[in-house]
Amino acid sequence: MSGDNGSGEEPRGGLSRAQLIRRAGVLGAAAAIPATAAPTVASAAMAADTPPPEVGGTSALKALTAAEAATLEAFLERLLPSGAAGPGAKEANVLRYIDWSLAGDLSAFHPPYSAALAALEVFSSQVYGAAFTALSPAQQDALIARMATGTEKPPAGTAPFTGFSPNSAAVFTMIRTHALQGMFGDPMHGGNVGLVGWKLVRFPGPRLIISKGDQQINATPKEYLKSAYTYKLFKNTTRRP
């Protein structure tokens, strides 16, 4: 979330982007190829050895509604914000990664996402009297922090809130997991646009062979900042695992 002070840390005690990255073991997330499918655009891009072209607007959505996408985008931009520490979910187009995934190999998560985003809006209205997208960054951060810790208790005098299934912490974990995949996964899956995620953590790129020199202590590995699907071994892959 936000509160960038140049170091990526969260001075208010919430979960900062730096903390999220460290806890997720981001190099492992970057090297892994998460499951998703965006067959038409991405397949054409694979043939050209380039990442998928930029697409924007609700007309490009594959699974989410425009309202759901707006809520999720606001959530993602607080979870992985742009700032002095570097680019975030917006630049990496994490929203597109999740949307494409929900229309493909992660389609089982589509109903939970729809339910979770609806619950988030109810929670936001109950606590602040406004939609999540209408809240200030500080208010959005406060709600996300409460979700992360499972403390979504409503204000005194209001009805108990039980909209998150199975609970808010599980919803937070689901979105965070997919956000990190979109931020640091292979760009052919729709996220990590311009390889901003890999550059942020200085991941040198996927390779099939790691030289002896690159394995030396304190060695700076040679960069190969391209999609894994530029390798001949994967170029004809029709369904990316």
# chains A, B, ... in the order shown; residues from 1 in each chain; ligands from 1

$ closest_atom_pairs --of "segment 89-208 of chain A" --to "segment 80-83 of chain A" --cutoff "10 Å" --atoms "only C-alpha atoms" --output "CSV"
residue,atom,partner,partner_atom,distance
A:Ala89,CA,A:Leu80,CA,5.2
A:Lys90,CA,A:Ser82,CA,7.3
A:Glu91,CA,A:Ser82,CA,7.7
A:Ala92,CA,A:Leu80,CA,9.7
A:Val94,CA,A:Leu80,CA,9.3
A:Arg176,CA,A:Leu80,CA,9.2
A:Ala179,CA,A:Leu80,CA,8.0
A:Leu180,CA,A:Leu80,CA,8.6
A:Met183,CA,A:Leu80,CA,8.5

$ residues_around --residues "segment 208-218 of chain A" --least-positions-apart "5" --cutoff "10 Å" --atoms "only C-alpha atoms" --output "VMD selection string"
chain A and resid 228 231 233

$ write_last_selection --atoms "all heavy atoms" --output "short mmCIF file (atom, residue, chain, number, x, y, z; two decimals), in the first residue's frame"
data_model
loop_
_atom_site.label_atom_id
_atom_site.label_comp_id
_atom_site.auth_asym_id
_atom_site.auth_seq_id
_atom_site.Cartn_x
_atom_site.Cartn_y
_atom_site.Cartn_z
N ALA A 228 9.86 -15.71 -21.46
CA ALA A 228 10.35 -17.08 -21.61
C ALA A 228 9.88 -17.69 -22.93
O ALA A 228 10.51 -18.60 -23.47
CB ALA A 228 9.86 -17.94 -20.44
N TYR A 231 12.05 -18.23 -26.22
CA TYR A 231 12.87 -19.42 -26.44
C TYR A 231 12.16 -20.34 -27.42
O TYR A 231 10.94 -20.52 -27.35
CB TYR A 231 13.10 -20.16 -25.12
CG TYR A 231 14.08 -19.52 -24.19
CD1 TYR A 231 13.66 -18.89 -23.02
CD2 TYR A 231 15.45 -19.56 -24.46
CE1 TYR A 231 14.56 -18.31 -22.14
CE2 TYR A 231 16.36 -18.98 -23.58
CZ TYR A 231 15.92 -18.36 -22.44
OH TYR A 231 16.82 -17.79 -21.58
N LEU A 233 12.07 -23.39 -27.47
CA LEU A 233 11.45 -24.49 -26.74
C LEU A 233 10.00 -24.21 -26.40
O LEU A 233 9.17 -25.13 -26.34
CB LEU A 233 12.24 -24.77 -25.45
CG LEU A 233 11.76 -25.90 -24.55
CD1 LEU A 233 11.87 -27.23 -25.29
CD2 LEU A 233 12.56 -25.93 -23.26
#

$ residues_around --residues "Ser114 of chain A" --least-positions-apart "3" --cutoff "10 Å" --atoms "only C-alpha atoms" --output "JSON list (two decimals) with N, CA and C atoms, in the first residue's frame"
[["chain", "number", "residue", "atom", "x", "y", "z"],
["A", 63, "ALA", "N", -13.43, -10.90, -18.28],
["A", 63, "ALA", "CA", -14.19, -11.60, -17.24],
["A", 63, "ALA", "C", -14.91, -10.62, -16.31],
["A", 64, "LEU", "N", -14.22, -9.60, -15.86],
["A", 64, "LEU", "CA", -14.79, -8.66, -14.90],
["A", 64, "LEU", "C", -15.75, -7.69, -15.57],
["A", 65, "THR", "N", -16.72, -7.20, -14.81],
["A", 65, "THR", "CA", -17.56, -6.11, -15.29],
["A", 65, "THR", "C", -16.79, -4.81, -15.12],
["A", 68, "GLU", "N", -16.67, -3.94, -11.43],
["A", 68, "GLU", "CA", -15.74, -4.82, -10.70],
["A", 68, "GLU", "C", -14.30, -4.43, -11.00],
["A", 69, "ALA", "N", -14.02, -4.15, -12.26],
["A", 69, "ALA", "CA", -12.66, -3.78, -12.67],
["A", 69, "ALA", "C", -12.23, -2.49, -12.00],
["A", 72, "LEU", "N", -11.44, -3.31, -8.32],
["A", 72, "LEU", "CA", -10.22, -4.10, -8.21],
["A", 72, "LEU", "C", -9.00, -3.25, -8.57],
["A", 109, "PHE", "N", -11.77, -18.99, -10.04],
["A", 109, "PHE", "CA", -11.73, -17.88, -9.11],
["A", 109, "PHE", "C", -12.68, -16.75, -9.49],
["A", 110, "HIS", "N", -13.32, -16.87, -10.65],
["A", 110, "HIS", "CA", -14.19, -15.79, -11.11],
["A", 110, "HIS", "C", -15.35, -15.51, -10.14],
["A", 111, "PRO", "N", -16.12, -16.53, -9.76],
["A", 111, "PRO", "CA", -17.20, -16.28, -8.80],
["A", 111, "PRO", "C", -16.69, -15.72, -7.46],
["A", 117, "LEU", "N", -15.44, -8.62, -4.46],
["A", 117, "LEU", "CA", -15.49, -7.21, -4.83],
["A", 117, "LEU", "C", -16.81, -6.57, -4.41],
["A", 118, "ALA", "N", -17.90, -7.34, -4.49],
["A", 118, "ALA", "CA", -19.19, -6.84, -4.01],
["A", 118, "ALA", "C", -19.15, -6.65, -2.50],
["A", 119, "ALA", "N", -18.53, -7.60, -1.80],
["A", 119, "ALA", "CA", -18.41, -7.49, -0.34],
["A", 119, "ALA", "C", -17.55, -6.31, 0.05],
["A", 120, "LEU", "N", -16.51, -6.05, -0.71],
["A", 120, "LEU", "CA", -15.64, -4.91, -0.43],
["A", 120, "LEU", "C", -16.41, -3.60, -0.53]]

$ atom_distance --atom1 "atom CA of Val171 of chain A" --atom2 "atom CA of Arg202 of chain A"
29.2 Å

$ closest_residue --among "A:Ala170, A:Leu200, A:Met188, A:Ala131" --to "Ala74 of chain A" --atoms "only C-alpha atoms"
A:Ala131
